[in-house]
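Peer 1: Input structure: final.cif, which contains mmCIF, C-alpha atoms.
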```cif
data_coords
loop_
_atom_site.group_PDB
_atom_site.id
_atom_site.type_symbol
_atom_site.label_atom_id
_atom_site.label_comp_id
_atom_site.auth_asym_id
_atom_site.auth_seq_id
_atom_site.Cartn_x
_atom_site.Cartn_y
_atom_site.Cartn_z
ATOM 1 C CA ARG A 61 141.759 -15.029 110.358
ATOM 2 C CA ARG A 62 140.135 -16.568 107.276
ATOM 3 C CA ILE A 63 142.918 -19.115 106.870
ATOM 4 C CA PHE A 64 142.615 -20.545 110.377
ATOM 5 C CA ARG A 65 139.239 -19.616 111.886
ATOM 6 C CA ASP A 66 137.094 -21.070 109.095
ATOM 7 C CA ARG A 67 138.675 -24.472 109.679
ATOM 8 C CA ILE A 68 137.919 -24.525 113.412
ATOM 9 C CA ASN A 69 135.032 -26.779 114.355
ATOM 10 C CA GLY A 70 132.392 -25.411 116.688
ATOM 11 C CA VAL A 71 131.265 -22.044 117.973
ATOM 12 C CA ASP A 72 133.251 -22.378 121.202
ATOM 13 C CA GLY A 73 136.516 -22.983 119.362
ATOM 14 C CA GLN A 74 135.907 -20.071 117.022
ATOM 15 C CA ALA A 75 135.063 -17.780 119.953
ATOM 16 C CA ARG A 76 138.300 -18.763 121.679
ATOM 17 C CA PHE A 77 140.246 -18.036 118.489
ATOM 18 C CA ASP A 78 138.557 -14.613 118.197
ATOM 19 C CA SER A 79 139.493 -13.820 121.792
ATOM 20 C CA LEU A 80 143.130 -14.814 121.318
ATOM 21 C CA LEU A 81 143.411 -12.927 118.041
ATOM 22 C CA SER A 82 141.819 -9.837 119.559
ATOM 23 C CA GLN A 83 144.312 -9.884 122.424
ATOM 24 C CA VAL A 84 147.256 -10.111 120.043
ATOM 25 C CA VAL A 85 145.942 -7.378 117.745
ATOM 26 C CA ARG A 86 145.110 -5.003 120.574
ATOM 27 C CA GLY A 87 148.502 -5.627 122.181
ATOM 28 C CA SER A 88 150.434 -5.022 118.971
ATOM 29 C CA PHE A 89 148.203 -2.398 117.330
ATOM 30 C CA PRO A 90 146.414 -0.355 120.007
ATOM 31 C CA THR A 91 144.848 1.964 117.408
ATOM 32 C CA ALA A 92 142.970 -1.004 115.914
ATOM 33 C CA ALA A 93 140.726 -1.254 118.977
ATOM 34 C CA GLY A 94 137.053 -0.879 118.186
ATOM 35 C CA GLU A 95 137.386 -1.619 114.470
ATOM 36 C CA GLU A 96 135.894 -5.106 114.632
ATOM 37 C CA GLY A 97 132.363 -6.081 113.630
ATOM 38 C CA GLY A 98 132.372 -5.338 109.900
ATOM 39 C CA LEU A 99 132.033 -7.837 107.077
ATOM 40 C CA TYR A 100 133.481 -8.061 103.587
ATOM 41 C CA THR A 101 131.279 -8.676 100.583
ATOM 42 C CA SER A 102 131.622 -8.881 96.811
ATOM 43 C CA LEU A 103 127.961 -7.982 96.218
ATOM 44 C CA LEU A 104 128.627 -4.243 96.017
ATOM 45 C CA THR A 105 131.140 -4.478 93.171
ATOM 46 C CA THR A 106 129.754 -5.952 89.959
ATOM 47 C CA GLY A 107 130.901 -5.943 86.355
ATOM 48 C CA ALA A 108 129.037 -5.028 83.200
ATOM 49 C CA ASP A 109 127.426 -8.487 83.176
ATOM 50 C CA GLY A 110 125.947 -7.945 86.648
ATOM 51 C CA HIS A 111 128.138 -10.588 88.297
ATOM 52 C CA PRO A 112 130.449 -9.802 91.252
ATOM 53 C CA THR A 113 133.973 -9.003 90.092
ATOM 54 C CA GLY A 114 135.556 -10.577 93.157
ATOM 55 C CA GLU A 115 136.583 -7.242 94.661
ATOM 56 C CA LEU A 116 135.643 -7.168 98.335
ATOM 57 C CA THR A 117 134.160 -4.151 100.093
ATOM 58 C CA ALA A 118 134.101 -3.688 103.864
ATOM 59 C CA VAL A 119 130.641 -2.853 105.210
ATOM 60 C CA PRO A 120 129.146 -2.591 108.700
ATOM 61 C CA GLN A 121 127.220 -5.678 109.699
ATOM 62 C CA LYS A 122 123.908 -3.780 109.840
ATOM 63 C CA ASP A 123 124.367 -2.657 106.223
ATOM 64 C CA PHE A 124 125.219 -6.192 105.145
ATOM 65 C CA ARG A 125 122.093 -7.428 106.907
ATOM 66 C CA GLU A 126 119.948 -4.955 104.942
ATOM 67 C CA LEU A 127 121.674 -5.941 101.699
ATOM 68 C CA ILE A 128 120.938 -9.632 102.270
ATOM 69 C CA LYS A 129 117.426 -8.879 103.484
ATOM 70 C CA ARG A 130 116.611 -7.103 100.211
ATOM 71 C CA GLY A 131 118.145 -9.963 98.252
ATOM 72 C CA LEU A 132 116.165 -12.544 100.237
ATOM 73 C CA ILE A 133 112.899 -10.714 99.566
ATOM 74 C CA ALA A 134 113.623 -10.717 95.826
ATOM 75 C CA TYR A 135 114.695 -14.374 95.981
ATOM 76 C CA GLU A 136 111.475 -15.412 97.692
ATOM 77 C CA ARG A 137 109.455 -13.484 95.120
ATOM 78 C CA GLU A 138 111.253 -14.783 92.023
ATOM 79 C CA VAL A 139 112.578 -18.231 92.959
ATOM 80 C CA LYS A 140 111.394 -19.925 96.110
ATOM 81 C CA GLU A 141 110.252 -18.970 99.554
ATOM 82 C CA ARG A 142 112.943 -19.763 102.105
ATOM 83 C CA PRO A 143 112.211 -19.439 105.842
ATOM 84 C CA LEU A 144 115.618 -17.943 106.643
ATOM 85 C CA ILE A 145 116.172 -15.845 109.755
ATOM 86 C CA LEU A 146 119.084 -13.476 109.267
ATOM 87 C CA PHE A 147 120.781 -13.747 112.665
ATOM 88 C CA ASP A 148 124.444 -12.831 113.107
ATOM 89 C CA GLU A 149 125.955 -16.297 112.654
ATOM 90 C CA MET A 150 124.062 -16.908 109.425
ATOM 91 C CA LEU A 151 125.195 -13.533 108.086
ATOM 92 C CA HIS A 152 128.818 -14.396 108.865
ATOM 93 C CA HIS A 153 128.498 -17.765 107.119
ATOM 94 C CA LEU A 154 126.913 -16.128 104.087
ATOM 95 C CA ALA A 155 129.627 -13.458 103.988
ATOM 96 C CA ASN A 156 132.329 -16.147 104.099
ATOM 97 C CA MET A 157 130.616 -18.118 101.324
ATOM 98 C CA ASP A 158 130.225 -14.949 99.257
ATOM 99 C CA ARG A 159 133.908 -14.097 99.650
ATOM 100 C CA ALA A 160 135.055 -17.585 98.707
ATOM 101 C CA ALA A 161 132.668 -18.077 95.776
ATOM 102 C CA SER A 162 133.474 -14.696 94.224
ATOM 103 C CA ALA A 163 137.096 -15.684 93.537
ATOM 104 C CA PRO A 164 137.630 -17.217 90.061
ATOM 105 C CA GLY A 165 138.321 -20.947 90.156
ATOM 106 C CA SER A 166 137.115 -21.288 93.723
ATOM 107 C CA SER A 167 135.529 -24.334 95.343
ATOM 108 C CA LEU A 168 133.873 -24.625 98.747
ATOM 109 C CA LEU A 169 133.560 -27.463 101.228
ATOM 110 C CA LEU A 170 130.759 -26.797 103.711
ATOM 111 C CA VAL A 171 131.067 -29.106 106.705
ATOM 112 C CA GLY A 172 128.390 -29.531 109.348
ATOM 113 C CA ARG A 173 125.492 -31.622 110.516
ATOM 114 C CA SER A 174 122.396 -32.086 108.394
ATOM 115 C CA GLY A 175 119.496 -29.683 108.800
ATOM 116 C CA ILE A 176 121.579 -26.549 109.431
ATOM 117 C CA GLY A 177 120.604 -24.888 106.144
ATOM 118 C CA ARG A 178 123.731 -25.145 103.995
ATOM 119 C CA ARG A 179 121.717 -25.937 100.855
ATOM 120 C CA ALA A 180 119.445 -22.947 101.469
ATOM 121 C CA LEU A 181 122.473 -20.679 101.896
ATOM 122 C CA ALA A 182 124.053 -21.993 98.692
ATOM 123 C CA SER A 183 120.818 -21.428 96.773
ATOM 124 C CA LEU A 184 120.493 -17.877 98.074
ATOM 125 C CA LEU A 185 124.151 -17.193 97.308
ATOM 126 C CA ALA A 186 123.703 -18.352 93.706
ATOM 127 C CA TYR A 187 120.783 -15.965 93.310
ATOM 128 C CA LEU A 188 122.713 -13.047 94.810
ATOM 129 C CA HIS A 189 125.651 -13.757 92.500
ATOM 130 C CA ARG A 190 123.299 -14.086 89.502
ATOM 131 C CA VAL A 191 124.584 -17.550 88.639
ATOM 132 C CA ARG A 192 122.776 -20.815 87.964
ATOM 133 C CA LEU A 193 122.699 -23.403 90.729
ATOM 134 C CA VAL A 194 123.009 -26.949 89.381
ATOM 135 C CA THR A 195 122.570 -30.077 91.486
ATOM 136 C CA PRO A 196 122.147 -33.623 90.142
ATOM 137 C CA ALA A 197 118.655 -35.110 90.223
ATOM 138 C CA VAL A 198 119.732 -38.311 91.949
ATOM 139 C CA THR A 199 117.472 -41.356 91.905
ATOM 140 C CA ARG A 200 117.995 -44.933 93.021
ATOM 141 C CA ASP A 201 119.120 -45.885 89.498
ATOM 142 C CA TYR A 202 121.469 -42.905 89.144
ATOM 143 C CA SER A 203 124.851 -44.329 88.175
ATOM 144 C CA ASN A 204 128.333 -43.203 87.217
ATOM 145 C CA ARG A 205 127.163 -42.970 83.615
ATOM 146 C CA GLU A 206 124.430 -40.449 84.462
ATOM 147 C CA PHE A 207 126.775 -38.469 86.699
ATOM 148 C CA ARG A 208 129.392 -38.175 83.961
ATOM 149 C CA ARG A 209 126.643 -37.064 81.577
ATOM 150 C CA ASP A 210 125.569 -34.330 84.000
ATOM 151 C CA LEU A 211 129.176 -33.216 84.474
ATOM 152 C CA LYS A 212 129.658 -32.962 80.716
ATOM 153 C CA ALA A 213 126.633 -30.693 80.441
ATOM 154 C CA VAL A 214 127.882 -28.433 83.250
ATOM 155 C CA LEU A 215 131.437 -28.223 81.907
ATOM 156 C CA GLN A 216 130.224 -27.474 78.396
ATOM 157 C CA SER A 217 127.962 -24.683 79.665
ATOM 158 C CA ALA A 218 130.851 -23.137 81.605
ATOM 159 C CA GLY A 219 133.682 -23.775 79.148
ATOM 160 C CA VAL A 220 131.907 -23.117 75.852
ATOM 161 C CA GLU A 221 128.955 -20.857 76.620
ATOM 162 C CA GLY A 222 130.752 -18.989 79.401
ATOM 163 C CA GLU A 223 127.874 -19.447 81.830
ATOM 164 C CA ARG A 224 128.619 -18.935 85.507
ATOM 165 C CA ILE A 225 127.506 -21.977 87.502
ATOM 166 C CA ILE A 226 127.523 -23.173 91.099
ATOM 167 C CA PHE A 227 127.562 -26.982 91.104
ATOM 168 C CA PHE A 228 126.198 -28.141 94.448
ATOM 169 C CA MET A 229 126.286 -31.657 95.914
ATOM 170 C CA GLU A 230 125.674 -33.086 99.378
ATOM 171 C CA ASP A 231 126.188 -36.390 101.147
ATOM 172 C CA HIS A 232 123.085 -38.245 100.022
ATOM 173 C CA GLN A 233 123.971 -37.598 96.363
ATOM 174 C CA PHE A 234 127.333 -39.389 96.541
ATOM 175 C CA LEU A 235 125.862 -42.762 95.675
ATOM 176 C CA GLN A 236 129.195 -44.105 94.474
ATOM 177 C CA PRO A 237 132.795 -43.331 95.549
ATOM 178 C CA SER A 238 133.581 -42.534 91.902
ATOM 179 C CA PHE A 239 131.408 -39.400 92.132
ATOM 180 C CA LEU A 240 133.798 -37.792 94.609
ATOM 181 C CA GLU A 241 136.811 -39.074 92.696
ATOM 182 C CA LEU A 242 135.617 -37.258 89.572
ATOM 183 C CA LEU A 243 134.987 -34.068 91.531
ATOM 184 C CA ASN A 244 138.385 -34.383 93.223
ATOM 185 C CA SER A 245 140.035 -34.336 89.802
ATOM 186 C CA LEU A 246 137.872 -31.443 88.631
ATOM 187 C CA ILE A 247 138.654 -29.364 91.719
ATOM 188 C CA SER A 248 142.397 -29.974 91.615
ATOM 189 C CA ALA A 249 143.032 -29.748 87.848
ATOM 190 C CA GLY A 250 139.943 -28.168 86.291
ATOM 191 C CA GLU A 251 139.419 -31.238 84.130
ATOM 192 C CA ILE A 252 138.511 -34.927 84.324
ATOM 193 C CA PRO A 253 140.829 -37.133 82.235
ATOM 194 C CA GLY A 254 138.897 -39.419 79.911
ATOM 195 C CA LEU A 255 135.548 -37.705 80.458
ATOM 196 C CA TRP A 256 135.136 -37.067 76.734
ATOM 197 C CA THR A 257 136.107 -39.237 73.810
ATOM 198 C CA PRO A 258 138.139 -37.528 71.051
ATOM 199 C CA GLU A 259 135.039 -37.595 68.869
ATOM 200 C CA GLU A 260 133.068 -35.713 71.541
ATOM 201 C CA LEU A 261 135.834 -33.252 72.378
ATOM 202 C CA ASP A 262 136.740 -32.099 68.844
ATOM 203 C CA PRO A 263 133.473 -30.261 68.085
ATOM 204 C CA ILE A 264 133.447 -28.749 71.591
ATOM 205 C CA LEU A 265 136.916 -27.272 71.161
ATOM 206 C CA GLY A 266 136.127 -26.257 67.597
ATOM 207 C CA SER A 267 133.295 -24.044 68.830
ATOM 208 C CA ILE A 268 135.696 -21.832 70.859
ATOM 209 C CA LYS A 269 138.555 -21.550 68.359
ATOM 210 C CA ASP A 270 137.761 -17.909 67.613
ATOM 211 C CA GLU A 271 137.788 -16.975 71.309
ATOM 212 C CA TYR A 272 141.085 -18.808 71.721
ATOM 213 C CA ALA A 273 142.629 -16.976 68.769
ATOM 214 C CA ALA A 274 141.537 -13.645 70.253
ATOM 215 C CA SER A 275 142.958 -14.465 73.700
ATOM 216 C CA SER A 276 146.492 -13.411 72.713
ATOM 217 C CA GLY A 277 148.102 -16.695 73.675
ATOM 218 C CA GLN A 278 147.061 -16.676 77.329
ATOM 219 C CA ALA A 279 146.718 -20.471 77.129
ATOM 220 C CA ARG A 280 149.247 -22.766 75.466
ATOM 221 C CA THR A 281 146.693 -24.964 73.738
ATOM 222 C CA LEU A 282 143.031 -24.847 72.794
ATOM 223 C CA PHE A 283 142.266 -27.464 75.446
ATOM 224 C CA ASP A 284 144.084 -25.421 78.121
ATOM 225 C CA PHE A 285 141.960 -22.456 77.089
ATOM 226 C CA PHE A 286 138.829 -24.576 77.510
ATOM 227 C CA VAL A 287 139.948 -25.723 80.972
ATOM 228 C CA GLY A 288 140.756 -22.140 81.954
ATOM 229 C CA ARG A 289 137.251 -21.019 81.020
ATOM 230 C CA ILE A 290 135.777 -23.825 83.120
ATOM 231 C CA ARG A 291 137.844 -22.849 86.151
ATOM 232 C CA ALA A 292 136.872 -19.192 85.761
ATOM 233 C CA LYS A 293 133.136 -19.840 85.431
ATOM 234 C CA LEU A 294 132.475 -22.912 87.601
ATOM 235 C CA CYS A 295 132.307 -22.950 91.399
ATOM 236 C CA ILE A 296 131.949 -26.363 93.047
ATOM 237 C CA VAL A 297 130.229 -26.372 96.439
ATOM 238 C CA LEU A 298 130.170 -29.617 98.434
ATOM 239 C CA SER A 299 128.143 -30.044 101.610
ATOM 240 C CA MET A 300 129.253 -32.878 103.895
ATOM 241 C CA ASP A 301 128.284 -34.115 107.334
ATOM 242 C CA PRO A 302 131.302 -34.940 109.549
ATOM 243 C CA THR A 303 129.211 -37.537 111.420
ATOM 244 C CA HIS A 304 128.623 -39.501 108.214
ATOM 245 C CA PRO A 305 130.429 -42.866 108.439
ATOM 246 C CA HIS A 306 132.261 -42.253 105.149
ATOM 247 C CA PHE A 307 133.332 -38.650 105.824
ATOM 248 C CA LEU A 308 136.907 -39.278 106.980
ATOM 249 C CA LEU A 309 137.495 -41.931 104.331
ATOM 250 C CA SER A 310 136.158 -39.670 101.594
ATOM 251 C CA CYS A 311 138.445 -36.809 102.630
ATOM 252 C CA ALA A 312 141.481 -39.080 102.909
ATOM 253 C CA ALA A 313 140.857 -40.593 99.471
ATOM 254 C CA ASN A 314 140.204 -37.222 97.812
ATOM 255 C CA PRO A 315 142.812 -34.731 99.095
ATOM 256 C CA ALA A 316 141.592 -31.887 96.871
ATOM 257 C CA LEU A 317 138.544 -31.628 99.141
ATOM 258 C CA TYR A 318 140.640 -29.912 101.793
ATOM 259 C CA ALA A 319 143.772 -28.888 99.848
ATOM 260 C CA HIS A 320 142.052 -26.973 97.023
ATOM 261 C CA THR A 321 138.799 -25.774 98.562
ATOM 262 C CA THR A 322 137.793 -23.111 101.032
ATOM 263 C CA LEU A 323 136.643 -25.139 104.028
ATOM 264 C CA LEU A 324 133.847 -23.600 106.068
ATOM 265 C CA TRP A 325 132.351 -25.157 109.179
ATOM 266 C CA VAL A 326 128.612 -24.485 109.079
ATOM 267 C CA ASP A 327 127.631 -26.521 112.106
ATOM 268 C CA ASP A 328 125.219 -26.188 115.012
ATOM 269 C CA TRP A 329 123.980 -22.691 115.780
ATOM 270 C CA SER A 330 124.837 -21.195 119.137
ATOM 271 C CA ALA A 331 122.304 -21.060 121.965
ATOM 272 C CA ASP A 332 121.785 -17.316 121.403
ATOM 273 C CA ALA A 333 120.987 -17.871 117.719
ATOM 274 C CA GLN A 334 118.371 -20.505 118.528
ATOM 275 C CA ARG A 335 116.388 -18.288 120.873
#
```
Show how you would write the structure in this file as structure tokens.

Peer 2:
Amino acid sequence: RRIFRDRINGVDGQARFDSLLSQVVRGSFPTAAGEEGGLYTSLLTTGADGHPTGELTAVPQKDFRELIKRGLIAYEREVKERPLILFDEMLHHLANMDRAASAPGSSLLLVGRSGIGRRALASLLAYLHRVRLVTPAVTRDYSNREFRRDLKAVLQSAGVEGERIIFFMEDHQFLQPSFLELLNSLISAGEIPGLWTPEELDPILGSIKDEYAASSGQARTLFDFFVGRIRAKLCIVLSMDPTHPHFLLSCAANPALYAHTTLLWVDDWSADAQR
């Protein structure tokens, strides 16, 4: 269901898929009737550091709604007030984002029209996961040089300091095609060739030599160990509008956007949700 349904565009198409799947399941497994309606979440299973471990727990939708409601109240008190209404479709989107972001090395591609609330959902998700949300402060003079500088800071925080980070970008921030090209490399390989000079990289790797020595050879080289830490701690979330004139070209030129991400359609809300 997650492999195919999340990639279907539009509420009508998803509803048709649900109907077809339900018919097949009920025809093949009659005892499964009546078991639908629950959601899976990683928010109930956390490690000693307070972050989700990635283990998913099935919960009734009403319990998940209460869990998110409590989190939203705390978020509005501590971070920023967000006028979010927790209707069923939004809860399902948030559950899907939670599931995808809780897996180590995951990346998300949120596709839908502007104004739906994808940024608000990503911000709330970062708070619920107890991770830092980072998004570039793009200005008219923001260039490839500034973007590479921001990426270095994020990768160093994740790879050296072990900080969990959600790196969020949306259409209006892709001022140059090279921005997506750099992220395409980072998503597919966990690194960006040529990002650092040898003089910059040596002290960075030197600062994690002890951790590498204690890792019992899980990585072949110190640099591989550094890349592995980045992939474990960094989650890239991209928000793109399919009506944008460069959307198809961007996806075609950067295959990791759909080959190595969890693609979620967060598009127009249904008529029932808008009432």

Peer 1: For Thr281 in chain A, please output as a list in words all residues within 12 Å (counting only C-alpha atoms; exclusion window: fewer than 5 positions along the same chain).

Peer 2: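 Counting only the stated atoms, we get Leu265, Ile268, Lys269, Tyr272, Ala273, Ser275, Ser276, Phe286, Val287 and Gly288 of chain A.
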
Peer 1: Could you state the separation of CA of Gln121 in chain A and CA of Ser167 in chain A in Å, given to one decimal place?

Peer 2: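 Interatomic distance here is 25.0 Å.
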
Peer 1: If I wrap all listed atoms of range 270-289 of chain A in a box with edges along x, y and z and add 8 Å on each side, what are its centre and edge lengths in Å to one decimal, as JSON?

Peer 2:
```
{"center_x": 143.2, "center_y": -20.4, "center_z": 74.8, "size_x": 28.0, "size_y": 30.1, "size_z": 30.3}
```

Peer 1: Quick check, in Å to one decimal: how far apart do CA of Tyr100 in chain A and CA of Ala249 in chain A lie?

Peer 2: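 The value is 28.4 Å.
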
Peer 1: Kindly provide, as an MDAnalysis selection string, the polymer residues lying within 9 Å of (125.3, -20.7, 83.1), counting only C-alpha atoms and using the coordinates exactly as they appear in the file.

Peer 2: chainID A and resid 191:193 214 217:218 221:226 293:294

Peer 1: Find the spatial neighbours of range 122-124 of chain A, counting only C-alpha atoms, within a cut-off of 9 Å - ignore same-chain residues fewer than 6 positions away - and output them as a PDB file with C-alpha atoms, keeping the file's coordinate frame.

Peer 2:
```
ATOM      1  CA  GLY A  98     132.372  -5.338 109.900  1.00  0.00           C
ATOM      2  CA  LEU A  99     132.033  -7.837 107.077  1.00  0.00           C
ATOM      3  CA  TYR A 100     133.481  -8.061 103.587  1.00  0.00           C
ATOM      4  CA  THR A 101     131.279  -8.676 100.583  1.00  0.00           C
ATOM      5  CA  LEU A 151     125.195 -13.533 108.086  1.00  0.00           C
ATOM      6  CA  ALA A 155     129.627 -13.458 103.988  1.00  0.00           C
TER       7      ALA A 155
END
```

Peer 1: Measuring between only C-alpha atoms, which one of A:Pro196, A:Leu169, A:Leu184, A:Ser174 shows the shortest distance to Leu154 in chain A?

Peer 2: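 Looking at the shortest contact to Leu154 in chain A, the residue is A:Leu184.
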
Peer 1: If you measure from CA of Cys295 in chain A to CA of Leu185 in chain A, what distance in Å do you get, rounded to one decimal?

Peer 2: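 Pair CA of Cys295 in chain A / CA of Leu185 in chain A returns 11.6 Å.
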
Peer 1: Arg125 in chain A: which residues within 9 Å, counting only C-alpha atoms, same-chain residues fewer than 4 positions away excluded, as a PyMOL selection string?

Peer 2: chain A and resi 120-121+129-130+146-148+151

Peer 1: Report as number ranges by chain the residues that result from applying the PyMOL selection byres ((chain A and resi 234) around 12) to the structure here.

Peer 2: A: 195-200, 202-204, 207, 228-233, 235-243, 298-300, 304, 306-307, 310

Peer 1: With all atoms listed in the file as the basis for distance, which of A:Arg137, A:Arg190, A:His152, A:Arg178 is at the shortest distance from Pro112 in chain A?

Peer 2: A:Arg190

Peer 1: For a quick check of understanding, using all atoms listed in the file, which of A:Glu149, A:Asp284, A:Glu136, A:Glu141 has the smallest distance to Gln74 in chain A?

Peer 2: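 Among the listed residues, the smallest separation from Gln74 in chain A belongs to A:Glu149.
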
Peer 1: Of the candidates A:Val297, A:Val84, A:Ile247, A:Ile290, which one gets nearest to Ala319 in chain A if we count all atoms listed in the file?

Peer 2: A:Ile247

Peer 1: Do you know which residues are at most 10 Å from Leu103 in chain A counting all atoms listed in the file, after dropping those on the same chain fewer than 3 positions away, and could you put them as a list in words?

Peer 2: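 In the requested form, the answer reads Tyr100, Thr106, Gly110, His111, Pro112, Thr113, Gly114, Glu115, Leu116, Thr117, Phe124, Leu127, Ile128, Ala155, Asp158, Arg159, Ser162, Leu188 and His189 of chain A.
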
Peer 1: Run the PyMOL selection byres ((chain A and resi 324-326) around 6) mentally over the shown coordinates, then write out the matched residues as a short mmCIF file (atom, residue, chain, number, x, y, z; two decimals) with C-alpha atoms, in the coordinates of the input, using the chain letters and numbers from the document.

Peer 2:
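See expr-v5.cif below for the written result:
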```
data_model
loop_
_atom_site.label_atom_id
_atom_site.label_comp_id
_atom_site.auth_asym_id
_atom_site.auth_seq_id
_atom_site.Cartn_x
_atom_site.Cartn_y
_atom_site.Cartn_z
CA ASP A 66 137.09 -21.07 109.10
CA LEU A 170 130.76 -26.80 103.71
CA VAL A 171 131.07 -29.11 106.70
CA GLY A 172 128.39 -29.53 109.35
CA LEU A 323 136.64 -25.14 104.03
CA ASP A 327 127.63 -26.52 112.11
#
```

Peer 1: Measuring between only C-alpha atoms, which one of A:Thr105, A:Leu215, A:Met157, A:Ser245 shows the shortest distance to Ala313 in chain A?

Peer 2: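 So, comparing all the options, the nearest one is A:Ser245.
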
Peer 1: Add whatever atoms are absent from range 235-250 of chain A to reach N, CA, C and O atoms, and provide the output as a compact mmCIF listing (two decimals), in the frame of the given file.

Peer 2:
```txt
# COMPACT_ATOMS: atom_id res chain seq x y z
N LEU A 235 126.30 -41.37 95.65
CA LEU A 235 125.86 -42.76 95.68
C LEU A 235 127.02 -43.73 95.45
O LEU A 235 126.96 -44.88 95.88
N GLN A 236 128.04 -43.26 94.75
CA GLN A 236 129.20 -44.10 94.47
C GLN A 236 130.48 -43.34 94.79
O GLN A 236 130.53 -42.11 94.59
N PRO A 237 131.53 -44.01 95.27
CA PRO A 237 132.79 -43.33 95.55
C PRO A 237 133.37 -42.63 94.32
O PRO A 237 134.07 -41.62 94.45
N SER A 238 133.05 -43.13 93.14
CA SER A 238 133.58 -42.53 91.90
C SER A 238 133.08 -41.11 91.70
O SER A 238 133.74 -40.31 91.02
N PHE A 239 131.92 -40.76 92.28
CA PHE A 239 131.41 -39.40 92.13
C PHE A 239 132.40 -38.40 92.74
O PHE A 239 132.75 -37.40 92.11
N LEU A 240 132.84 -38.69 93.96
CA LEU A 240 133.80 -37.79 94.61
C LEU A 240 135.16 -37.83 93.92
O LEU A 240 135.86 -36.82 93.87
N GLU A 241 135.53 -38.98 93.40
CA GLU A 241 136.81 -39.07 92.70
C GLU A 241 136.82 -38.17 91.46
O GLU A 241 137.83 -37.51 91.17
N LEU A 242 135.71 -38.13 90.74
CA LEU A 242 135.62 -37.26 89.57
C LEU A 242 135.67 -35.79 89.99
O LEU A 242 136.36 -34.97 89.35
N LEU A 243 134.98 -35.44 91.06
CA LEU A 243 134.99 -34.07 91.53
C LEU A 243 136.35 -33.69 92.10
O LEU A 243 136.79 -32.54 91.96
N ASN A 244 137.04 -34.63 92.72
CA ASN A 244 138.38 -34.38 93.22
C ASN A 244 139.32 -33.98 92.08
O ASN A 244 140.11 -33.03 92.21
N SER A 245 139.22 -34.68 90.97
CA SER A 245 140.04 -34.34 89.80
C SER A 245 139.64 -32.97 89.23
O SER A 245 140.51 -32.17 88.88
N LEU A 246 138.35 -32.71 89.18
CA LEU A 246 137.87 -31.44 88.63
C LEU A 246 138.30 -30.27 89.50
O LEU A 246 138.71 -29.21 88.98
N ILE A 247 138.26 -30.43 90.81
CA ILE A 247 138.65 -29.36 91.72
C ILE A 247 140.15 -29.09 91.64
O ILE A 247 140.60 -27.94 91.61
N SER A 248 140.95 -30.14 91.58
CA SER A 248 142.40 -29.97 91.62
C SER A 248 142.98 -29.53 90.28
O SER A 248 143.94 -28.76 90.24
N ALA A 249 142.42 -30.02 89.15
CA ALA A 249 143.03 -29.75 87.85
C ALA A 249 142.13 -28.98 86.89
O ALA A 249 142.61 -28.53 85.84
N GLY A 250 140.85 -28.85 87.21
CA GLY A 250 139.94 -28.17 86.29
C GLY A 250 139.47 -29.04 85.15
O GLY A 250 138.78 -28.57 84.25
```
